[in-house]
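Undergrad: My structure file my_file.cif, mmCIF, C-alpha atoms and all ligand atoms, is below:
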data_work
loop_
_atom_site.group_PDB
_atom_site.id
_atom_site.type_symbol
_atom_site.label_atom_id
_atom_site.label_comp_id
_atom_site.auth_asym_id
_atom_site.auth_seq_id
_atom_site.Cartn_x
_atom_site.Cartn_y
_atom_site.Cartn_z
ATOM 1 C CA MET E 1027 14.208 -13.254 -21.500
ATOM 2 C CA SER E 1028 10.427 -13.541 -21.975
ATOM 3 C CA THR E 1029 8.417 -10.821 -20.240
ATOM 4 C CA ASP E 1030 5.172 -12.832 -19.997
ATOM 5 C CA ASN E 1031 5.814 -13.381 -16.320
ATOM 6 C CA ILE E 1032 6.125 -9.667 -15.438
ATOM 7 C CA ILE E 1033 3.052 -8.255 -13.715
ATOM 8 C CA ASP E 1034 2.221 -4.783 -15.041
ATOM 9 C CA GLY E 1035 1.138 -2.963 -11.881
ATOM 10 C CA LYS E 1036 0.658 0.307 -13.724
ATOM 11 C CA ALA E 1037 -1.907 -1.173 -16.115
ATOM 12 C CA PHE E 1038 -3.560 -3.172 -13.319
ATOM 13 C CA ALA E 1039 -3.874 -0.056 -11.151
ATOM 14 C CA ALA E 1040 -5.308 1.953 -14.047
ATOM 15 C CA GLY E 1041 -7.981 -0.739 -14.499
ATOM 16 C CA LEU E 1042 -8.813 -0.684 -10.785
ATOM 17 C CA ARG E 1043 -9.063 3.135 -10.754
ATOM 18 C CA GLU E 1044 -11.408 2.950 -13.707
ATOM 19 C CA ARG E 1045 -13.638 0.395 -11.925
ATOM 20 C CA VAL E 1046 -13.683 2.544 -8.779
ATOM 21 C CA GLY E 1047 -14.533 5.608 -10.886
ATOM 22 C CA SER E 1048 -17.409 3.889 -12.623
ATOM 23 C CA GLU E 1049 -18.802 2.522 -9.317
ATOM 24 C CA ALA E 1050 -18.490 6.027 -7.818
ATOM 25 C CA ALA E 1051 -20.438 7.466 -10.766
ATOM 26 C CA GLN E 1052 -23.222 4.898 -10.274
ATOM 27 C CA ILE E 1053 -23.410 5.601 -6.546
ATOM 28 C CA LYS E 1054 -23.580 9.328 -7.220
ATOM 29 C CA GLN E 1055 -26.428 8.799 -9.652
ATOM 30 C CA ALA E 1056 -28.346 6.370 -7.425
ATOM 31 C CA HIS E 1057 -27.779 8.036 -4.042
ATOM 32 C CA GLY E 1058 -26.401 11.534 -4.678
ATOM 33 C CA LEU E 1059 -23.330 10.530 -2.695
ATOM 34 C CA VAL E 1060 -19.868 11.830 -3.678
ATOM 35 C CA PRO E 1061 -17.104 10.121 -1.684
ATOM 36 C CA GLY E 1062 -14.600 12.557 -0.138
ATOM 37 C CA LEU E 1063 -10.993 11.910 0.866
ATOM 38 C CA ALA E 1064 -9.068 14.272 3.152
ATOM 39 C CA VAL E 1065 -5.282 14.071 3.082
ATOM 40 C CA VAL E 1066 -3.205 15.777 5.765
ATOM 41 C CA LEU E 1067 0.431 16.572 5.025
ATOM 42 C CA VAL E 1068 2.593 18.007 7.803
ATOM 43 C CA GLY E 1069 5.935 19.440 6.694
ATOM 44 C CA ASP E 1070 7.634 19.621 3.328
ATOM 45 C CA ASP E 1071 9.200 16.221 2.727
ATOM 46 C CA PRO E 1072 9.487 16.204 -1.103
ATOM 47 C CA ALA E 1073 8.585 12.503 -1.554
ATOM 48 C CA SER E 1074 5.476 12.925 0.636
ATOM 49 C CA ALA E 1075 4.484 16.055 -1.295
ATOM 50 C CA VAL E 1076 4.596 14.074 -4.565
ATOM 51 C CA TYR E 1077 2.454 11.270 -3.062
ATOM 52 C CA VAL E 1078 -0.085 13.771 -1.762
ATOM 53 C CA ARG E 1079 -0.323 15.559 -5.104
ATOM 54 C CA ASN E 1080 -0.840 12.237 -6.917
ATOM 55 C CA LYS E 1081 -3.494 11.205 -4.401
ATOM 56 C CA GLY E 1082 -5.392 14.446 -4.951
ATOM 57 C CA GLU E 1083 -5.243 14.173 -8.748
ATOM 58 C CA GLN E 1084 -6.328 10.540 -8.856
ATOM 59 C CA THR E 1085 -9.125 11.150 -6.349
ATOM 60 C CA ARG E 1086 -10.596 13.863 -8.565
ATOM 61 C CA GLU E 1087 -10.110 11.728 -11.694
ATOM 62 C CA ALA E 1088 -12.220 9.001 -10.048
ATOM 63 C CA GLY E 1089 -15.021 11.530 -9.548
ATOM 64 C CA MET E 1090 -14.485 11.923 -5.818
ATOM 65 C CA GLN E 1091 -13.829 15.016 -3.734
ATOM 66 C CA SER E 1092 -10.302 15.697 -2.526
ATOM 67 C CA PHE E 1093 -9.580 17.836 0.528
ATOM 68 C CA GLU E 1094 -5.912 18.652 1.050
ATOM 69 C CA HIS E 1095 -4.566 20.093 4.293
ATOM 70 C CA ARG E 1096 -0.932 21.202 4.279
ATOM 71 C CA LEU E 1097 0.514 22.166 7.654
ATOM 72 C CA ALA E 1098 3.916 23.645 8.467
ATOM 73 C CA ALA E 1099 6.665 21.292 9.661
ATOM 74 C CA ASP E 1100 6.618 22.865 13.151
ATOM 75 C CA THR E 1101 2.854 22.460 13.660
ATOM 76 C CA PRO E 1102 2.171 21.361 17.268
ATOM 77 C CA GLU E 1103 0.637 17.929 17.797
ATOM 78 C CA ALA E 1104 -2.485 19.508 19.316
ATOM 79 C CA ASN E 1105 -3.245 21.327 16.050
ATOM 80 C CA VAL E 1106 -2.990 18.114 14.037
ATOM 81 C CA LEU E 1107 -5.293 16.385 16.535
ATOM 82 C CA ALA E 1108 -7.752 19.285 16.293
ATOM 83 C CA LEU E 1109 -7.801 19.016 12.491
ATOM 84 C CA VAL E 1110 -8.402 15.260 12.680
ATOM 85 C CA ALA E 1111 -11.269 15.866 15.136
ATOM 86 C CA GLN E 1112 -12.819 18.362 12.732
ATOM 87 C CA LEU E 1113 -12.485 15.954 9.767
ATOM 88 C CA ASN E 1114 -14.035 13.160 11.874
ATOM 89 C CA THR E 1115 -17.235 15.192 12.148
ATOM 90 C CA ASP E 1116 -17.309 16.536 8.565
ATOM 91 C CA ASP E 1117 -20.012 14.641 6.644
ATOM 92 C CA ALA E 1118 -18.401 15.424 3.264
ATOM 93 C CA VAL E 1119 -15.231 13.608 4.370
ATOM 94 C CA HIS E 1120 -15.518 9.804 4.266
ATOM 95 C CA GLY E 1121 -11.817 8.973 4.336
ATOM 96 C CA ILE E 1122 -8.952 10.555 6.288
ATOM 97 C CA LEU E 1123 -5.286 9.920 5.544
ATOM 98 C CA VAL E 1124 -2.502 11.536 7.541
ATOM 99 C CA GLN E 1125 0.645 11.219 5.457
ATOM 100 C CA LEU E 1126 3.500 9.467 7.263
ATOM 101 C CA PRO E 1127 6.170 10.036 8.424
ATOM 102 C CA LEU E 1128 5.189 12.895 10.728
ATOM 103 C CA PRO E 1129 7.710 15.377 12.185
ATOM 104 C CA ASP E 1130 9.377 14.389 15.455
ATOM 105 C CA GLN E 1131 7.233 16.582 17.744
ATOM 106 C CA ILE E 1132 4.127 14.609 16.762
ATOM 107 C CA ASP E 1133 3.288 11.186 18.193
ATOM 108 C CA GLU E 1134 2.276 9.185 15.113
ATOM 109 C CA GLN E 1135 0.337 6.570 17.056
ATOM 110 C CA LYS E 1136 -1.625 9.233 18.907
ATOM 111 C CA VAL E 1137 -2.670 10.867 15.636
ATOM 112 C CA LEU E 1138 -3.583 7.567 13.939
ATOM 113 C CA SER E 1139 -5.644 6.576 17.001
ATOM 114 C CA ALA E 1140 -7.560 9.863 16.831
ATOM 115 C CA ILE E 1141 -8.966 9.075 13.356
ATOM 116 C CA ASN E 1142 -12.512 7.708 13.354
ATOM 117 C CA PRO E 1143 -11.903 4.005 12.458
ATOM 118 C CA ASP E 1144 -14.744 4.122 9.928
ATOM 119 C CA LYS E 1145 -12.890 6.915 8.072
ATOM 120 C CA ASP E 1146 -9.456 5.308 8.485
ATOM 121 C CA VAL E 1147 -8.804 4.542 4.799
ATOM 122 C CA ASP E 1148 -5.182 3.579 5.577
ATOM 123 C CA GLY E 1149 -6.449 0.787 7.821
ATOM 124 C CA PHE E 1150 -3.813 1.663 10.450
ATOM 125 C CA HIS E 1151 -6.164 2.241 13.438
ATOM 126 C CA VAL E 1152 -6.043 -0.562 16.027
ATOM 127 C CA THR E 1153 -9.781 -1.069 15.567
ATOM 128 C CA ASN E 1154 -9.229 -1.889 11.886
ATOM 129 C CA VAL E 1155 -6.209 -4.051 12.738
ATOM 130 C CA GLY E 1156 -8.440 -5.989 15.149
ATOM 131 C CA ARG E 1157 -11.245 -6.254 12.615
ATOM 132 C CA LEU E 1158 -8.796 -7.529 9.981
ATOM 133 C CA TRP E 1159 -7.415 -10.306 12.209
ATOM 134 C CA THR E 1160 -10.853 -11.323 13.469
ATOM 135 C CA GLY E 1161 -12.615 -11.393 10.089
ATOM 136 C CA GLY E 1162 -14.656 -8.206 10.584
ATOM 137 C CA ASP E 1163 -15.488 -5.413 8.143
ATOM 138 C CA ALA E 1164 -12.064 -3.768 8.281
ATOM 139 C CA LEU E 1165 -10.714 -0.979 6.155
ATOM 140 C CA VAL E 1166 -7.607 -2.810 4.954
ATOM 141 C CA PRO E 1167 -4.135 -1.242 4.435
ATOM 142 C CA CYS E 1168 -3.813 -0.290 0.773
ATOM 143 C CA THR E 1169 -0.475 -1.797 -0.242
ATOM 144 C CA PRO E 1170 -1.183 -5.324 1.068
ATOM 145 C CA TYR E 1171 -4.681 -5.204 -0.391
ATOM 146 C CA GLY E 1172 -3.187 -4.288 -3.787
ATOM 147 C CA CYS E 1173 -0.843 -7.296 -3.513
ATOM 148 C CA ILE E 1174 -3.794 -9.620 -2.849
ATOM 149 C CA LEU E 1175 -5.669 -8.279 -5.878
ATOM 150 C CA MET E 1176 -2.642 -8.883 -8.119
ATOM 151 C CA LEU E 1177 -2.094 -12.380 -6.692
ATOM 152 C CA LYS E 1178 -5.724 -13.379 -7.218
ATOM 153 C CA ASP E 1179 -5.651 -11.985 -10.744
ATOM 154 C CA ARG E 1180 -2.649 -14.172 -11.593
ATOM 155 C CA LEU E 1181 -3.338 -17.284 -9.542
ATOM 156 C CA GLY E 1182 -7.092 -17.343 -8.960
ATOM 157 C CA ASP E 1183 -7.906 -19.154 -5.726
ATOM 158 C CA LEU E 1184 -5.014 -18.801 -3.262
ATOM 159 C CA SER E 1185 -6.284 -21.410 -0.846
ATOM 160 C CA GLY E 1186 -3.702 -23.930 0.361
ATOM 161 C CA LYS E 1187 -0.772 -22.078 -1.181
ATOM 162 C CA ARG E 1188 2.417 -21.662 0.844
ATOM 163 C CA ALA E 1189 3.093 -17.944 1.221
ATOM 164 C CA ILE E 1190 6.047 -16.259 2.886
ATOM 165 C CA VAL E 1191 5.979 -12.596 3.904
ATOM 166 C CA VAL E 1192 9.504 -11.254 4.396
ATOM 167 C CA GLY E 1193 9.042 -8.202 6.634
ATOM 168 C CA ARG E 1194 6.921 -7.574 9.696
ATOM 169 C CA SER E 1195 5.978 -3.897 9.563
ATOM 170 C CA ASN E 1196 2.579 -2.704 10.750
ATOM 171 C CA ILE E 1197 1.951 -1.083 7.357
ATOM 172 C CA VAL E 1198 2.780 -4.030 5.086
ATOM 173 C CA GLY E 1199 4.133 -7.259 6.603
ATOM 174 C CA LYS E 1200 1.586 -7.912 9.358
ATOM 175 C CA PRO E 1201 -1.580 -6.956 7.423
ATOM 176 C CA MET E 1202 -0.245 -8.853 4.392
ATOM 177 C CA ALA E 1203 0.024 -11.984 6.524
ATOM 178 C CA ALA E 1204 -3.520 -11.492 7.830
ATOM 179 C CA LEU E 1205 -4.911 -11.098 4.309
ATOM 180 C CA LEU E 1206 -3.089 -14.178 3.005
ATOM 181 C CA LEU E 1207 -4.401 -16.147 5.983
ATOM 182 C CA ALA E 1208 -7.923 -14.944 5.207
ATOM 183 C CA GLU E 1209 -7.401 -16.372 1.689
ATOM 184 C CA SER E 1210 -6.548 -19.721 3.338
ATOM 185 C CA CYS E 1211 -2.845 -19.630 2.517
ATOM 186 C CA THR E 1212 -0.339 -21.296 4.819
ATOM 187 C CA VAL E 1213 1.578 -18.230 5.937
ATOM 188 C CA THR E 1214 5.129 -17.807 7.181
ATOM 189 C CA ILE E 1215 6.078 -14.393 8.567
ATOM 190 C CA ALA E 1216 9.825 -13.987 8.148
ATOM 191 C CA HIS E 1217 12.168 -11.064 8.666
ATOM 192 C CA SER E 1218 15.793 -10.018 8.680
ATOM 193 C CA ARG E 1219 16.564 -12.316 11.616
ATOM 194 C CA THR E 1220 14.869 -15.442 10.271
ATOM 195 C CA LYS E 1221 17.215 -18.433 10.124
ATOM 196 C CA ASP E 1222 17.484 -20.246 6.759
ATOM 197 C CA LEU E 1223 15.551 -17.445 5.059
ATOM 198 C CA ALA E 1224 16.640 -18.505 1.550
ATOM 199 C CA GLN E 1225 15.375 -22.042 2.174
ATOM 200 C CA ARG E 1226 12.069 -20.769 3.674
ATOM 201 C CA CYS E 1227 11.548 -18.686 0.510
ATOM 202 C CA ARG E 1228 12.449 -21.634 -1.742
ATOM 203 C CA GLU E 1229 9.692 -23.692 -0.096
ATOM 204 C CA SER E 1230 7.042 -21.069 -0.935
ATOM 205 C CA ASP E 1231 4.556 -20.719 -3.796
ATOM 206 C CA ILE E 1232 4.208 -16.999 -3.046
ATOM 207 C CA VAL E 1233 7.007 -14.692 -1.881
ATOM 208 C CA ILE E 1234 6.106 -11.207 -0.630
ATOM 209 C CA ALA E 1235 9.219 -9.085 -0.177
ATOM 210 C CA ALA E 1236 8.681 -6.186 2.225
ATOM 211 C CA VAL E 1237 11.857 -6.057 4.254
ATOM 212 C CA GLY E 1238 13.373 -2.772 3.021
ATOM 213 C CA ARG E 1239 16.749 -4.168 1.939
ATOM 214 C CA PRO E 1240 17.765 -3.549 -1.662
ATOM 215 C CA GLU E 1241 17.842 -6.700 -3.824
ATOM 216 C CA MET E 1242 18.174 -9.007 -0.816
ATOM 217 C CA ILE E 1243 16.081 -11.831 -2.259
ATOM 218 C CA LYS E 1244 18.141 -13.626 -4.888
ATOM 219 C CA GLY E 1245 17.095 -15.722 -7.856
ATOM 220 C CA ASP E 1246 18.088 -18.991 -6.221
ATOM 221 C CA TRP E 1247 15.781 -18.200 -3.270
ATOM 222 C CA VAL E 1248 12.807 -18.492 -5.609
ATOM 223 C CA SER E 1249 11.246 -21.820 -6.463
ATOM 224 C CA PRO E 1250 10.685 -22.259 -10.239
ATOM 225 C CA GLY E 1251 7.195 -21.031 -11.087
ATOM 226 C CA ALA E 1252 6.624 -19.206 -7.783
ATOM 227 C CA THR E 1253 4.906 -15.807 -7.702
ATOM 228 C CA VAL E 1254 7.057 -12.964 -6.368
ATOM 229 C CA ILE E 1255 5.567 -9.668 -5.189
ATOM 230 C CA ASP E 1256 8.156 -7.008 -4.428
ATOM 231 C CA VAL E 1257 6.933 -4.248 -2.103
ATOM 232 C CA GLY E 1258 10.397 -2.744 -1.571
ATOM 233 C CA ILE E 1259 11.287 0.717 -2.839
ATOM 234 C CA ASN E 1260 14.969 1.455 -2.268
ATOM 235 C CA ARG E 1261 16.970 4.258 -3.820
ATOM 236 C CA VAL E 1262 20.544 3.139 -4.553
ATOM 237 C CA ASP E 1263 23.542 4.587 -6.356
ATOM 238 C CA ALA E 1264 23.663 3.775 -10.068
ATOM 239 C CA PRO E 1265 27.175 4.751 -11.213
ATOM 240 C CA GLU E 1266 26.423 3.031 -14.564
ATOM 241 C CA LYS E 1267 24.036 5.950 -15.260
ATOM 242 C CA GLY E 1268 26.804 8.513 -14.849
ATOM 243 C CA LEU E 1269 27.227 11.406 -12.440
ATOM 244 C CA LYS E 1270 24.954 14.177 -11.202
ATOM 245 C CA GLU E 1271 25.976 17.831 -11.513
ATOM 246 C CA ASP E 1272 27.460 17.753 -7.996
ATOM 247 C CA GLY E 1273 29.721 14.831 -8.977
ATOM 248 C CA SER E 1274 27.839 12.182 -6.980
ATOM 249 C CA PRO E 1275 26.523 9.076 -8.798
ATOM 250 C CA LYS E 1276 23.038 9.114 -10.275
ATOM 251 C CA THR E 1277 20.563 6.894 -8.454
ATOM 252 C CA LYS E 1278 17.835 4.401 -9.320
ATOM 253 C CA LEU E 1279 14.974 2.625 -7.544
ATOM 254 C CA VAL E 1280 15.252 -1.073 -6.837
ATOM 255 C CA GLY E 1281 13.074 -3.464 -4.896
ATOM 256 C CA ASP E 1282 13.866 -5.985 -2.176
ATOM 257 C CA VAL E 1283 14.214 -8.665 -4.861
ATOM 258 C CA ASP E 1284 17.100 -9.070 -7.295
ATOM 259 C CA PHE E 1285 14.728 -8.657 -10.230
ATOM 260 C CA SER E 1286 16.939 -9.789 -13.108
ATOM 261 C CA GLU E 1287 17.818 -13.035 -11.305
ATOM 262 C CA ALA E 1288 14.354 -13.761 -9.890
ATOM 263 C CA ALA E 1289 12.561 -12.996 -13.180
ATOM 264 C CA GLU E 1290 14.454 -15.936 -14.748
ATOM 265 C CA VAL E 1291 12.760 -18.438 -12.433
ATOM 266 C CA ALA E 1292 9.523 -16.879 -11.153
ATOM 267 C CA GLY E 1293 6.194 -17.809 -12.693
ATOM 268 C CA ALA E 1294 5.141 -14.193 -12.158
ATOM 269 C CA ILE E 1295 6.951 -11.218 -10.645
ATOM 270 C CA THR E 1296 6.298 -7.521 -10.020
ATOM 271 C CA PRO E 1297 8.978 -5.025 -11.121
ATOM 272 C CA VAL E 1298 10.142 -1.932 -9.198
ATOM 273 C CA PRO E 1299 9.086 0.626 -10.197
ATOM 274 C CA GLY E 1300 5.793 -0.184 -11.927
ATOM 275 C CA GLY E 1301 4.645 -3.125 -9.838
ATOM 276 C CA VAL E 1302 3.023 -2.765 -6.424
ATOM 277 C CA GLY E 1303 3.570 1.015 -6.148
ATOM 278 C CA PRO E 1304 0.781 2.208 -8.466
ATOM 279 C CA MET E 1305 -1.690 -0.132 -6.737
ATOM 280 C CA THR E 1306 -1.489 1.711 -3.407
ATOM 281 C CA ILE E 1307 -3.358 4.858 -4.468
ATOM 282 C CA ALA E 1308 -5.850 2.812 -6.512
ATOM 283 C CA CYS E 1309 -6.664 0.819 -3.351
ATOM 284 C CA LEU E 1310 -6.920 4.043 -1.345
ATOM 285 C CA LEU E 1311 -9.634 5.222 -3.744
ATOM 286 C CA ARG E 1312 -11.353 1.861 -3.377
ATOM 287 C CA ASN E 1313 -11.227 2.178 0.426
ATOM 288 C CA THR E 1314 -12.649 5.703 0.254
ATOM 289 C CA LEU E 1315 -15.568 4.448 -1.834
ATOM 290 C CA VAL E 1316 -16.155 1.535 0.563
ATOM 291 C CA ALA E 1317 -15.993 3.867 3.587
ATOM 292 C CA ALA E 1318 -18.435 6.331 1.993
ATOM 293 C CA CYS E 1319 -20.904 3.520 1.253
ATOM 294 C CA ARG E 1320 -20.717 2.067 4.773
ATOM 295 C CA GLN E 1321 -21.192 5.491 6.376
ATOM 296 C CA ASN E 1322 -24.354 5.950 4.328
ATOM 297 C CA GLY E 1323 -25.930 2.505 4.718
ATOM 298 C CA ILE E 1324 -25.137 1.515 1.106
ATOM 299 C CA GLU E 1325 -23.789 -1.955 0.291
ATOM 300 C CA PRO E 1326 -20.208 -1.344 -0.971
ATOM 301 C CA PRO E 1327 -19.387 -2.691 -4.464
ATOM 302 C CA ALA E 1328 -17.205 -5.834 -4.528
ATOM 303 C CA ILE E 1329 -13.894 -4.410 -5.798
HETATM 304 N N1 LIG E 1401 3.596 7.254 3.648
HETATM 305 C C1 LIG E 1401 4.061 6.351 2.730
HETATM 306 N N2 LIG E 1401 3.095 5.463 2.422
HETATM 307 C C2 LIG E 1401 2.011 5.805 3.151
HETATM 308 C C3 LIG E 1401 0.696 5.267 3.249
HETATM 309 O O1 LIG E 1401 0.324 4.270 2.614
HETATM 310 N N3 LIG E 1401 -0.136 5.925 4.113
HETATM 311 C C4 LIG E 1401 0.259 7.001 4.831
HETATM 312 N N4 LIG E 1401 -0.638 7.553 5.649
HETATM 313 N N5 LIG E 1401 1.469 7.515 4.766
HETATM 314 C C5 LIG E 1401 2.340 6.913 3.923
#
Go through the file and emit its structure as structure tokens.

TA:
Amino acid sequence: MSTDNIIDGKAFAAGLRERVGSEAAQIKQAHGLVPGLAVVLVGDDPASAVYVRNKGEQTREAGMQSFEHRLAADTPEANVLALVAQLNTDDAVHGILVQLPLPDQIDEQKVLSAINPDKDVDGFHVTNVGRLWTGGDALVPCTPYGCILMLKDRLGDLSGKRAIVVGRSNIVGKPMAALLLAESCTVTIAHSRTKDLAQRCRESDIVIAAVGRPEMIKGDWVSPGATVIDVGINRVDAPEKGLKEDGSPKTKLVGDVDFSEAAEVAGAITPVPGGVGPMTIACLLRNTLVAACRQNGIEPPAI
């Protein structure tokens, strides 16, 4: 199998981080402004802890300031809201990210709504959702924005293309659809209950898989030459890798697309891992830079 059609998200993300870093250096030199990103982690979920550590490292590598706030799993909602309020008024903090999921005692929507929309580098605040759908200056959710950058890199102008988004989450599916629409695609939003889903995918030039079901999208759902972006990250048993010390099967990460089948027909496809995943933090850094510029009356760089 040729690998020319595999999109290297790791390399693409490294390039984007480098561009953000060099723009940040120029802005520091011209304006004395150092963008700052605050990340709030409540609890000790190991996967979230890894994300937060990577965010901090990559923020510093891009020449920006990283502020990390780790709170105990039983922190009351009021304390999280008080921290967000404090970060909203801190002039060194231009972006605020509260790592999800939050523990059960905390109302996620309440916390996200408390973030100043201009510092909402996740793009989850309803004000940014509204700006995105109405063509305003939104901060755009990072994962969908990363997908758009990869699509434009491969395909150039997306206008007129038939795109299907499989998945309707607030974090990926819905903003992805809005961004594709803004690029003048003809957009179908599909999900686990869509009738004739395979056929709807087959009719599409672009397939975005964000449904959270391991390897659901098969090779014969993909039209020859179509571009497939797999946002899924699913951990599944991999008995072929042998057993763990406790006797249970080892595991592996797979996407929402059956990669080996789809890679035979797709014009371009992202793998899991190493596709969309690395783009998310790179886009977070980009959003932090954009937010810092806007808060200081500086025209943000076009990245
Ligand atoms: N948890 C997993 N992904 C994300 C993300 O993109 N943003 C936040 N805030 N939490 C997450």

Undergrad: Report as JSON the centre and the edge lengths, in Å to one decimal, of the axis-aligned box holding every listed atom of ligand LIG 1401 (chain E), padded by 5 Å on each side.

TA:
{"center_x": 1.7, "center_y": 5.9, "center_z": 4.0, "size_x": 14.7, "size_y": 13.3, "size_z": 13.2}

Undergrad: Taking into account only C-alpha atoms, which residue in the set E:Leu1067, E:Gly1293, E:Glu1087, E:Ala1328 is nearest to E:Ala1040?

TA: E:Glu1087

Undergrad: For the atom pair atom CA of E:Pro1129 and atom CA of E:Leu1113, what is the interatomic distance in Å to one decimal place?

TA: 20.3 Å

Undergrad: The PyMOL selection byres (((chain E and resi 1209) around 10) and not hetatm) - which residues does that actually catch in the file I just gave you? List them as a PyMOL selection string.

TA: chain E and resi 1174+1178+1183-1187+1203-1208+1210-1212

Undergrad: Do you know which residues are at most 12 Å from E:Asn1322 counting only C-alpha atoms, after dropping those on the same chain fewer than 6 positions away, and could you put them as a compact mmCIF listing (two decimals) with C-alpha atoms, keeping the file's coordinate frame?

TA:
# COMPACT_ATOMS: atom_id res chain seq x y z
CA ILE E 1053 -23.41 5.60 -6.55
CA HIS E 1057 -27.78 8.04 -4.04
CA GLY E 1058 -26.40 11.53 -4.68
CA LEU E 1059 -23.33 10.53 -2.70
CA VAL E 1060 -19.87 11.83 -3.68
CA PRO E 1061 -17.10 10.12 -1.68
CA ASP E 1117 -20.01 14.64 6.64
CA ALA E 1118 -18.40 15.42 3.26
CA VAL E 1119 -15.23 13.61 4.37
CA HIS E 1120 -15.52 9.80 4.27
CA ASP E 1144 -14.74 4.12 9.93
CA LEU E 1315 -15.57 4.45 -1.83
CA VAL E 1316 -16.16 1.54 0.56

Undergrad: Distance atom CA of E:Thr1153-atom CA of E:Arg1194, one decimal place?

TA: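 Interatomic distance here is 18.9 Å.
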
Undergrad: For the atom pair atom CA of E:Gly1062 and atom CA of E:Gly1121, what is the interatomic distance in Å to one decimal place?

TA: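 Atom-to-atom, atom CA of E:Gly1062 and atom CA of E:Gly1121 are spaced 6.4 Å apart.
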
Undergrad: Got a sec to check which residues lie within 12 Å of ligand LIG 1401 (chain E), using all atoms listed in the file, and send them as a ChimeraX atom specification?

TA: /E:1064-1068,1071-1078,1081,1121-1128,1134-1135,1137-1138,1141,1146-1151,1166-1172,1196-1198,1257-1259,1302-1311,1313

Undergrad: Evaluating the PyMOL selection byres (((chain E and resi 1227) around 9) and not hetatm) on the displayed file yields which residues, as a PyMOL selection string?

TA: chain E and resi 1189-1192+1222-1226+1228-1233+1243+1247-1249

Undergrad: List the spatial neighbours of E:Pro1297 as a ChimeraX atom specification - criterion: any atom at most 9 Å away, all atoms listed in the file, same-chain residues fewer than 3 positions off excluded.

TA: /E:1032-1035,1255-1256,1280-1281,1283,1285,1289,1300-1302

Undergrad: Give me the result of the PyMOL selection byres (((chain E and resi 1266) around 10) and not hetatm) on this file, residue by residue, as a PyMOL selection string.

TA: chain E and resi 1263-1265+1267-1269+1275-1277

Undergrad: Would you kindly return, as a PDB file with C-alpha atoms, in the coordinates of the input, each protein, DNA or RNA residue with an atom no farther than 8 Å from any atom of E:Ala1140, considering all atoms listed in the file and excluding same-chain residues fewer than 4 positions away?

TA:
ATOM      1  CA  LEU E1107      -5.293  16.385  16.535  1.00  0.00           C
ATOM      2  CA  VAL E1110      -8.402  15.260  12.680  1.00  0.00           C
ATOM      3  CA  ALA E1111     -11.269  15.866  15.136  1.00  0.00           C
ATOM      4  CA  LYS E1136      -1.625   9.233  18.907  1.00  0.00           C
TER       5      LYS E1136
END

Undergrad: With distances taken over all atoms listed in the file, which residue among E:Arg1188, E:Gly1199, E:Leu1279, E:Gln1052 lies nearest E:Pro1299?

TA: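 Smallest distance to E:Pro1299 is found for E:Leu1279.
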
Undergrad: Counting only C-alpha atoms, which residue out of E:Lys1036, E:Gly1193, E:Thr1296, E:Leu1063 sits closest to E:Ala1252?

TA: E:Thr1296
